[in-house]
Every structure is written in structure tokens, then in C-alpha cells.
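protein-v9.cif follows; it contains mmCIF, C-alpha atoms.
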```
data_entry
loop_
_atom_site.label_atom_id
_atom_site.label_comp_id
_atom_site.auth_asym_id
_atom_site.auth_seq_id
_atom_site.Cartn_x
_atom_site.Cartn_y
_atom_site.Cartn_z
CA MET A 1 34.55 55.35 42.42
CA ARG A 2 30.92 54.33 42.76
CA GLN A 3 30.74 54.41 38.97
CA ALA A 4 33.50 51.80 38.69
CA GLY A 5 31.68 49.51 41.10
CA TRP A 6 28.46 49.95 39.14
CA ILE A 7 30.25 49.17 35.87
CA ALA A 8 31.84 46.00 37.26
CA GLY A 9 28.62 44.83 38.89
CA THR A 10 26.52 45.49 35.78
CA THR A 11 29.06 43.84 33.51
CA ALA A 12 29.16 40.75 35.70
CA ALA A 13 25.36 40.51 35.72
CA VAL A 14 25.17 40.82 31.93
CA LEU A 15 27.88 38.22 31.46
CA VAL A 16 26.18 35.76 33.78
CA ALA A 17 23.10 36.06 31.60
CA ALA A 18 25.24 35.64 28.51
CA GLY A 19 26.79 32.54 30.00
CA ALA A 20 23.34 31.06 30.57
CA ILE A 21 22.49 31.67 26.92
CA THR A 22 25.70 29.97 25.83
CA TYR A 23 24.88 26.88 27.88
CA ALA A 24 21.50 26.68 26.18
CA VAL A 25 23.05 27.02 22.74
CA ALA A 26 25.81 24.51 23.45
CA GLU A 27 23.32 21.93 24.68
CA SER A 28 20.91 22.44 21.78
CA ASP A 29 19.85 19.43 19.71
CA ASP A 30 20.04 21.57 16.58
CA PRO A 31 22.41 19.71 14.23
CA GLY A 32 23.53 23.05 12.82
CA THR A 33 24.99 24.07 16.19
CA ARG A 34 28.62 23.01 16.36
CA ALA A 35 31.22 23.56 19.02
CA PRO A 36 34.29 25.50 17.87
CA ALA A 37 37.46 23.60 17.02
CA ALA A 38 40.39 23.34 19.43
CA ASP A 39 42.49 25.65 17.26
CA SER A 40 39.72 28.22 16.74
CA ALA A 41 39.81 31.82 17.88
CA ASP A 42 36.93 31.04 20.25
CA ALA A 43 38.88 28.32 22.05
CA GLY A 44 42.17 30.21 21.96
CA PHE A 45 40.63 33.35 23.42
CA ALA A 46 38.88 31.37 26.15
CA ARG A 47 42.11 29.64 27.18
CA ASP A 48 44.35 32.71 27.01
CA MET A 49 41.98 35.16 28.64
CA ALA A 50 41.34 32.73 31.50
CA VAL A 51 45.08 32.81 32.25
CA HIS A 52 45.29 36.58 31.76
CA HIS A 53 42.33 37.14 34.10
CA GLN A 54 43.77 34.89 36.79
CA GLN A 55 46.77 37.17 37.19
CA ALA A 56 44.53 40.23 37.47
CA VAL A 57 42.62 38.53 40.27
CA GLU A 58 45.84 37.67 42.08
CA MET A 59 47.21 41.21 41.77
CA SER A 60 43.96 42.69 43.01
CA TYR A 61 43.92 40.57 46.14
CA LEU A 62 47.59 41.35 46.73
CA VAL A 63 46.97 45.10 46.82
CA ARG A 64 43.90 44.75 49.04
CA ASP A 65 46.23 43.36 51.68
CA ARG A 66 48.82 46.09 51.15
CA THR A 67 46.72 49.26 51.53
CA GLY A 68 43.89 50.69 53.57
CA ASP A 69 42.81 53.16 50.87
CA GLU A 70 39.12 52.56 50.23
CA GLU A 71 39.14 53.73 46.59
CA VAL A 72 41.90 51.39 45.56
CA ARG A 73 40.56 48.52 47.65
CA ARG A 74 37.10 48.92 46.11
CA LEU A 75 38.50 49.04 42.59
CA ALA A 76 40.65 45.97 43.27
CA TYR A 77 37.65 44.08 44.64
CA ASP A 78 35.52 45.01 41.61
CA ILE A 79 38.24 43.87 39.19
CA ALA A 80 38.83 40.63 41.09
CA GLN A 81 35.15 39.73 41.24
CA THR A 82 34.37 40.64 37.64
CA GLN A 83 37.37 38.88 36.15
CA ALA A 84 36.93 35.79 38.33
CA ASN A 85 33.33 35.52 37.07
CA GLN A 86 34.41 35.98 33.47
CA ARG A 87 37.19 33.42 33.89
CA GLY A 88 34.65 30.90 35.15
CA MET A 89 32.53 31.47 32.06
CA LEU A 90 35.46 31.01 29.70
CA LEU A 91 36.53 27.76 31.35
CA GLY A 92 32.92 26.60 31.47
CA TRP A 93 32.57 27.10 27.72
CA LEU A 94 35.69 25.02 27.09
CA ASP A 95 34.12 22.24 29.16
CA LEU A 96 30.87 22.50 27.20
CA TRP A 97 32.77 22.35 23.94
CA GLU A 98 34.76 19.38 25.29
CA LEU A 99 38.01 21.17 24.50
CA PRO A 100 41.26 21.18 26.52
CA LYS A 101 41.97 24.11 28.80
CA VAL A 102 45.64 24.13 27.76
CA SER A 103 47.30 24.05 24.36
CA ALA A 104 50.73 23.11 23.06
CA ASP A 105 50.64 26.26 20.91
CA PRO A 106 52.11 29.50 22.30
CA PRO A 107 49.65 32.01 23.78
CA MET A 108 47.94 34.28 21.24
CA THR A 109 48.52 31.86 18.36
CA TRP A 110 44.81 32.23 17.59
CA MET A 111 45.51 35.92 16.86
CA GLY A 112 48.47 35.08 14.62
CA MET A 113 50.74 36.54 17.30
CA GLY A 114 52.19 33.46 18.96
CA ASP A 115 55.64 35.04 19.07
CA MET A 116 54.51 38.36 20.56
CA ALA A 117 55.23 37.51 24.21
CA SER A 118 58.32 35.54 25.19
CA GLY A 119 56.92 34.33 28.50
CA LYS A 120 60.08 35.64 30.14
CA ASP A 121 59.79 35.96 33.92
CA GLY A 122 56.17 34.81 33.86
CA ALA A 123 54.78 37.42 31.43
CA LEU A 124 53.03 34.95 29.13
CA MET A 125 50.98 37.53 27.21
CA PRO A 126 51.10 41.29 26.50
CA GLY A 127 50.23 43.37 29.54
CA MET A 128 50.92 40.63 32.04
CA ALA A 129 53.14 41.48 35.00
CA THR A 130 56.41 39.62 35.47
CA ASN A 131 57.11 37.45 38.49
CA THR A 132 59.61 40.09 39.63
CA GLU A 133 56.96 42.81 39.51
CA LEU A 134 54.50 40.69 41.48
CA LYS A 135 57.13 40.01 44.13
CA LYS A 136 57.83 43.73 44.37
CA LEU A 137 54.11 44.50 44.76
CA ASN A 138 54.01 42.03 47.63
CA THR A 139 56.77 43.94 49.46
CA LEU A 140 55.21 47.40 49.20
CA LYS A 141 52.58 49.04 51.37
CA GLY A 142 50.33 52.06 51.28
CA LYS A 143 50.80 54.64 48.53
CA GLN A 144 53.72 52.80 46.92
CA ALA A 145 51.69 49.61 46.61
CA GLU A 146 48.74 51.57 45.22
CA ILE A 147 50.85 53.23 42.52
CA LEU A 148 52.54 50.03 41.38
CA TYR A 149 49.23 48.17 41.33
CA LEU A 150 47.54 50.88 39.27
CA GLN A 151 50.45 50.94 36.83
CA LEU A 152 50.56 47.15 36.50
CA MET A 153 46.79 46.89 36.13
CA THR A 154 46.72 49.63 33.50
CA ASP A 155 49.26 47.66 31.46
CA HIS A 156 47.27 44.49 32.13
CA HIS A 157 44.02 46.06 30.92
CA LYS A 158 45.69 47.37 27.75
CA GLY A 159 46.90 43.86 26.92
CA GLY A 160 43.51 42.40 27.77
CA ILE A 161 41.70 44.93 25.57
CA HIS A 162 43.97 44.01 22.65
CA MET A 163 43.09 40.34 23.08
CA ALA A 164 39.37 41.02 23.54
CA GLU A 165 39.29 43.16 20.40
CA GLY A 166 40.88 40.22 18.59
CA CYS A 167 38.03 37.99 19.73
CA VAL A 168 35.43 40.54 18.63
CA GLN A 169 36.97 40.34 15.16
CA LYS A 170 37.77 36.62 14.96
CA CYS A 171 35.46 34.66 17.30
CA THR A 172 32.34 33.05 15.86
CA VAL A 173 30.30 32.29 18.99
CA GLY A 174 27.93 35.21 19.43
CA VAL A 175 27.84 35.39 23.21
CA GLU A 176 31.62 35.08 23.42
CA LYS A 177 31.98 38.05 21.09
CA LYS A 178 29.57 39.99 23.33
CA LEU A 179 31.59 38.98 26.38
CA ALA A 180 34.77 40.21 24.68
CA GLN A 181 33.17 43.55 23.76
CA GLY A 182 31.98 43.92 27.35
CA MET A 183 35.57 43.44 28.51
CA VAL A 184 36.77 46.14 26.12
CA ASP A 185 34.17 48.66 27.31
CA ALA A 186 34.61 48.01 31.03
CA GLN A 187 38.40 47.93 30.98
CA GLN A 188 38.67 51.12 28.93
CA SER A 189 36.53 52.83 31.57
CA GLU A 190 38.71 51.43 34.37
CA ILE A 191 41.88 52.63 32.62
CA LYS A 192 40.51 56.18 32.73
CA LEU A 193 39.66 55.78 36.40
CA MET A 194 43.13 54.42 37.19
CA ALA A 195 44.73 57.37 35.39
CA ASP A 196 42.84 59.70 37.74
CA LEU A 197 43.87 57.66 40.78
CA LEU A 198 47.51 57.72 39.67
CA LYS A 199 47.38 61.49 39.08
CA ALA A 200 45.98 62.00 42.58
CA ARG A 201 49.05 60.17 43.88
CA GLY A 202 51.52 62.20 41.83
CA ALA A 203 52.16 59.37 39.38
CA LYS A 204 51.13 58.23 35.91
CA ALA A 205 50.84 55.10 33.81
CA ARG A 206 54.04 53.59 32.48
CA ASP A 207 55.04 54.16 28.86
#
```

Spit out the file's structure as C-alpha cells when you get a sec.
Amino acid sequence: MRQAGWIAGTTAAVLVAAGAITYAVAESDDPGTRAPAADSADAGFARDMAVHHQQAVEMSYLVRDRTGDEEVRRLAYDIAQTQANQRGMLLGWLDLWELPKVSADPPMTWMGMGDMASGKDGALMPGMATNTELKKLNTLKGKQAEILYLQLMTDHHKGGIHMAEGCVQKCTVGVEKKLAQGMVDAQQSEIKLMADLLKARGAKARD
């Protein structure tokens, strides 16, 4: 569990540094430095991942109030802090690029997958929990809350990794691509950790 905390803390520190570099680039007087377009992969990823991350933060704080288990609480805190920091960077870049934080296009249009998620019951993008699932999480306590959270967050991470890999392939801003790759690496590690935590509770990730 200490390893997960170290991963989240290190990732956050690296991304803060990356964010500082992006600010410097965005504010450069170099005429060759241009902000991405509103319909670019860079802007689309920033908007969509900010929304995706917000739900992860909310779920993590929900479970911290529903269990006293230190392993799960520590993991939830690490996820909440890391993804809140990353979300701030993504929204900050949109401000620097003078681009809107919302779009009339469906989520994931920048990946050519605007019809992949219906948005039914609040699940706007792949991996996102539905409103019904979040309400259920808020009614559970102890081991039951831990299992549902770990299952929901595993799904959430898988969807997030898919989106981040899309940015690695399609984004053009260097530090944003590095941020996306950092998300892939950290969340893959956390998925393995959550599989172990689920196994210890006699459960497993959902198919």
C-alpha cells in the first residue's frame, strides 16, 4: 500500500513540474508556438478527462466516509489527490489556450468515438459509474462499500487509460502527452493493487 502512495505522490510532483513547463510554453513570445484548436485532440482530452477525473475524486471521498479500512482509505485519498491535481492542470491549460471548458460535441469525439458512451444514467464516458451505482455506494458501509468502490474504480481506470492512450497517440502538446502517459502508468499499477485488495475481500473486478 505504501507503494501506491509513493506512485501517486511522485506522479503528482512530476505533473506539477510538467504543468509549470506548459505555462512557460503557452506564454512564450515565439511566433511558432500556437495554442491547439478547440476541436483538437489536446483540447478534447483536457475537457473529457477533467470530467472523468472529477467523478473519480467524488467516488474516492464517498468511500472514505463509508469505511474505516486504512488500505482502502489511503488508496482513495491518493487517487483523489492525484486526480484533483491533474484535473486542475487540464482546466488550467484550457484557460491558457483560451478555449472553452465545455463542447457541443459528444464526449470522446476527439478520439473518433463520440457515439461510444450514451451518457445514460450519468455515465458520460467509458468506465464512468452510473448515478445509480454512485447512489448505491453511498448506502453501503465497510467491506461492501470497499468492494463496490474497488470494482467501480477499476472500471473507471480502464476507461481512463483508454482515453489517455488516445491522447498519447493524438495529442500534439508535448507535456500533455507526458501527462497522459503518466496517467496510463499510474492507473495500470493501481488496477493491479485493486485486484489484490478485491481478492483479499473474496471478490474480483467486474467483467

Report the distance between atom CA of Asp65 of chain A and atom CA of Met163 of chain A in Å, rounded to one decimal place.
28.9 Å

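Evaluated against the shown file, the PyMOL selection byres ((chain A and resi 108) around 9) gives Gly44, Phe45, Asp48, Asp105, Pro106, Pro107, Thr109, Trp110, Met111, Gly112, Met113, Gly114, Asp115, Met116, Ala117, Met125 and Met163 of chain A.
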
Can I get the selection written as an mmCIF file, in the coordinates of the input, with C-alpha atoms?
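To be explicit, this is the file written out as result_31.cif:
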```cif
data_model
loop_
_atom_site.group_PDB
_atom_site.id
_atom_site.type_symbol
_atom_site.label_atom_id
_atom_site.label_comp_id
_atom_site.auth_asym_id
_atom_site.auth_seq_id
_atom_site.Cartn_x
_atom_site.Cartn_y
_atom_site.Cartn_z
ATOM 1 C CA GLY A 44 42.170 30.210 21.960
ATOM 2 C CA PHE A 45 40.630 33.350 23.420
ATOM 3 C CA ASP A 48 44.350 32.710 27.010
ATOM 4 C CA ASP A 105 50.640 26.260 20.910
ATOM 5 C CA PRO A 106 52.110 29.500 22.300
ATOM 6 C CA PRO A 107 49.650 32.010 23.780
ATOM 7 C CA THR A 109 48.520 31.860 18.360
ATOM 8 C CA TRP A 110 44.810 32.230 17.590
ATOM 9 C CA MET A 111 45.510 35.920 16.860
ATOM 10 C CA GLY A 112 48.470 35.080 14.620
ATOM 11 C CA MET A 113 50.740 36.540 17.300
ATOM 12 C CA GLY A 114 52.190 33.460 18.960
ATOM 13 C CA ASP A 115 55.640 35.040 19.070
ATOM 14 C CA MET A 116 54.510 38.360 20.560
ATOM 15 C CA ALA A 117 55.230 37.510 24.210
ATOM 16 C CA MET A 125 50.980 37.530 27.210
ATOM 17 C CA MET A 163 43.090 40.340 23.080
#
```

I would like the residues chosen by the PyMOL selection byres ((chain A and resi 143) around 10) on the shown file; could you give them as a ChimeraX atom specification?
/A:66-69,72,140-142,144-149,198,201

Given the PyMOL selection byres ((chain A and resi 187) around 9) and the file above, list the residues it selects as a ChimeraX atom specification.
/A:154,157-158,160-161,182-186,188-192

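Distance annotation: of A:Ala180, A:Ala200, A:Met128, A:Leu150, the residue with the minimal separation from Ala76 of chain A is A:Leu150; atom set is all atoms listed in the file.
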
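As for atom CA of Arg64 of chain A and atom CA of Gly122 of chain A, they are spaced 21.9 Å apart.
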
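Between atom CA of Ala46 of chain A and atom CA of Arg34 of chain A lies a distance of 16.5 Å.
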
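Take the candidates A:Ala80, A:Met194, A:Leu179, A:Leu62 and check each one against Lys135 of chain A using all atoms listed in the file; the shortest distance goes to A:Leu62.
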
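Distances from A:His162, A:Lys199, A:Lys177, A:His156 to Gln55 of chain A were compared using all atoms listed in the file, and the smallest one belongs to A:His156.
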
Which of these, A:Leu137, A:Ala203, A:Ala41, A:Val173, has the shortest distance to Tyr61 of chain A once you count only C-alpha atoms?
A:Leu137

Selection as a PyMOL selection string: residues within 12 Å of (33.9, 25.3, 32.7), counting only C-alpha atoms:
chain A and resi 19+22-23+46-47+50+85-101

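Of the residues under consideration (A:Gln181, A:Asn131, A:Gln54, A:Gln151), A:Gln181 shows the shortest atom-to-atom contact distance to Cys167 of chain A when counting all atoms listed in the file.
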
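With only C-alpha atoms as the atoms that count, the residue of A:Ala195, A:Ala205, A:Ala164, A:Leu152 with the shortest distance to Thr130 of chain A is A:Leu152.
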
Contacts of Thr172 of chain A at 7 Å or less, counting all atoms listed in the file, minus same-chain residues fewer than 2 places along, as a PDB file with C-alpha atoms, in the frame of the given file?
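See result12.pdb below for the written result:
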```
ATOM      1  CA  ASP A  42      36.930  31.040  20.250  1.00  0.00           C
ATOM      2  CA  LYS A 170      37.770  36.620  14.960  1.00  0.00           C
ATOM      3  CA  GLY A 174      27.930  35.210  19.430  1.00  0.00           C
TER       4      GLY A 174
END
```

Quick one: segment 112-146 of chain A with N, CA and C atoms, as a compact mmCIF listing (two decimals), in the first residue's frame?
```
# COMPACT_ATOMS: atom_id res chain seq x y z
N GLY A 112 -12.67 10.11 -32.22
CA GLY A 112 -13.48 9.48 -33.26
C GLY A 112 -14.45 8.48 -32.69
N MET A 113 -14.80 8.67 -31.39
CA MET A 113 -15.66 7.70 -30.69
C MET A 113 -16.78 8.43 -29.97
N GLY A 114 -17.33 9.46 -30.61
CA GLY A 114 -18.37 10.26 -29.97
C GLY A 114 -19.64 9.51 -29.65
N ASP A 115 -19.84 8.35 -30.29
CA ASP A 115 -21.05 7.57 -30.04
C ASP A 115 -20.79 6.37 -29.13
N MET A 116 -19.61 6.32 -28.52
CA MET A 116 -19.23 5.14 -27.72
C MET A 116 -20.00 5.05 -26.41
N ALA A 117 -20.24 6.20 -25.76
CA ALA A 117 -20.96 6.20 -24.49
C ALA A 117 -22.26 6.98 -24.67
N SER A 118 -23.35 6.41 -24.22
CA SER A 118 -24.66 7.03 -24.43
C SER A 118 -24.92 8.16 -23.43
N GLY A 119 -24.21 8.16 -22.33
CA GLY A 119 -24.48 9.14 -21.28
C GLY A 119 -25.66 8.72 -20.41
N LYS A 120 -26.17 7.52 -20.64
CA LYS A 120 -27.32 7.03 -19.89
C LYS A 120 -27.00 6.93 -18.40
N ASP A 121 -27.88 7.46 -17.59
CA ASP A 121 -27.76 7.40 -16.13
C ASP A 121 -26.45 8.01 -15.65
N GLY A 122 -25.95 9.03 -16.36
CA GLY A 122 -24.79 9.76 -15.89
C GLY A 122 -23.45 9.24 -16.34
N ALA A 123 -23.40 8.07 -17.02
CA ALA A 123 -22.13 7.51 -17.47
C ALA A 123 -21.76 8.14 -18.81
N LEU A 124 -21.11 9.30 -18.76
CA LEU A 124 -20.83 10.08 -19.96
C LEU A 124 -19.74 9.49 -20.83
N MET A 125 -18.82 8.73 -20.22
CA MET A 125 -17.70 8.17 -20.96
C MET A 125 -17.42 6.75 -20.47
N PRO A 126 -16.72 5.94 -21.27
CA PRO A 126 -16.41 4.56 -20.85
C PRO A 126 -15.72 4.53 -19.49
N GLY A 127 -16.17 3.59 -18.67
CA GLY A 127 -15.58 3.42 -17.35
C GLY A 127 -16.26 4.22 -16.26
N MET A 128 -17.02 5.24 -16.64
CA MET A 128 -17.66 6.06 -15.62
C MET A 128 -18.81 5.32 -14.95
N ALA A 129 -18.96 5.51 -13.65
CA ALA A 129 -20.05 4.91 -12.91
C ALA A 129 -21.36 5.61 -13.23
N THR A 130 -22.46 4.89 -13.13
CA THR A 130 -23.77 5.49 -13.34
C THR A 130 -24.22 6.19 -12.06
N ASN A 131 -25.22 7.03 -12.19
CA ASN A 131 -25.78 7.68 -11.00
C ASN A 131 -26.33 6.64 -10.02
N THR A 132 -26.91 5.58 -10.55
CA THR A 132 -27.46 4.51 -9.70
C THR A 132 -26.35 3.84 -8.90
N GLU A 133 -25.22 3.59 -9.54
CA GLU A 133 -24.10 2.95 -8.84
C GLU A 133 -23.54 3.86 -7.76
N LEU A 134 -23.47 5.15 -8.04
CA LEU A 134 -22.96 6.09 -7.03
C LEU A 134 -23.90 6.16 -5.84
N LYS A 135 -25.20 6.14 -6.10
CA LYS A 135 -26.17 6.15 -5.01
C LYS A 135 -26.04 4.89 -4.16
N LYS A 136 -25.82 3.76 -4.81
CA LYS A 136 -25.64 2.51 -4.08
C LYS A 136 -24.40 2.57 -3.21
N LEU A 137 -23.30 3.08 -3.76
CA LEU A 137 -22.06 3.21 -2.99
C LEU A 137 -22.29 4.04 -1.73
N ASN A 138 -23.12 5.05 -1.86
CA ASN A 138 -23.39 5.94 -0.73
C ASN A 138 -24.28 5.31 0.34
N THR A 139 -24.85 4.14 0.05
CA THR A 139 -25.70 3.45 1.03
C THR A 139 -24.96 2.32 1.74
N LEU A 140 -23.79 1.93 1.20
CA LEU A 140 -23.06 0.80 1.76
C LEU A 140 -22.04 1.25 2.79
N LYS A 141 -21.62 0.29 3.60
CA LYS A 141 -20.58 0.57 4.60
C LYS A 141 -19.62 -0.61 4.66
N GLY A 142 -18.45 -0.34 5.22
CA GLY A 142 -17.49 -1.41 5.49
C GLY A 142 -17.07 -2.17 4.25
N LYS A 143 -16.99 -3.49 4.38
CA LYS A 143 -16.49 -4.36 3.32
C LYS A 143 -17.28 -4.21 2.03
N GLN A 144 -18.61 -4.09 2.14
CA GLN A 144 -19.43 -3.96 0.93
C GLN A 144 -19.10 -2.68 0.17
N ALA A 145 -18.91 -1.60 0.90
CA ALA A 145 -18.54 -0.33 0.26
C ALA A 145 -17.16 -0.44 -0.38
N GLU A 146 -16.25 -1.11 0.30
CA GLU A 146 -14.89 -1.27 -0.23
C GLU A 146 -14.92 -2.04 -1.54
```
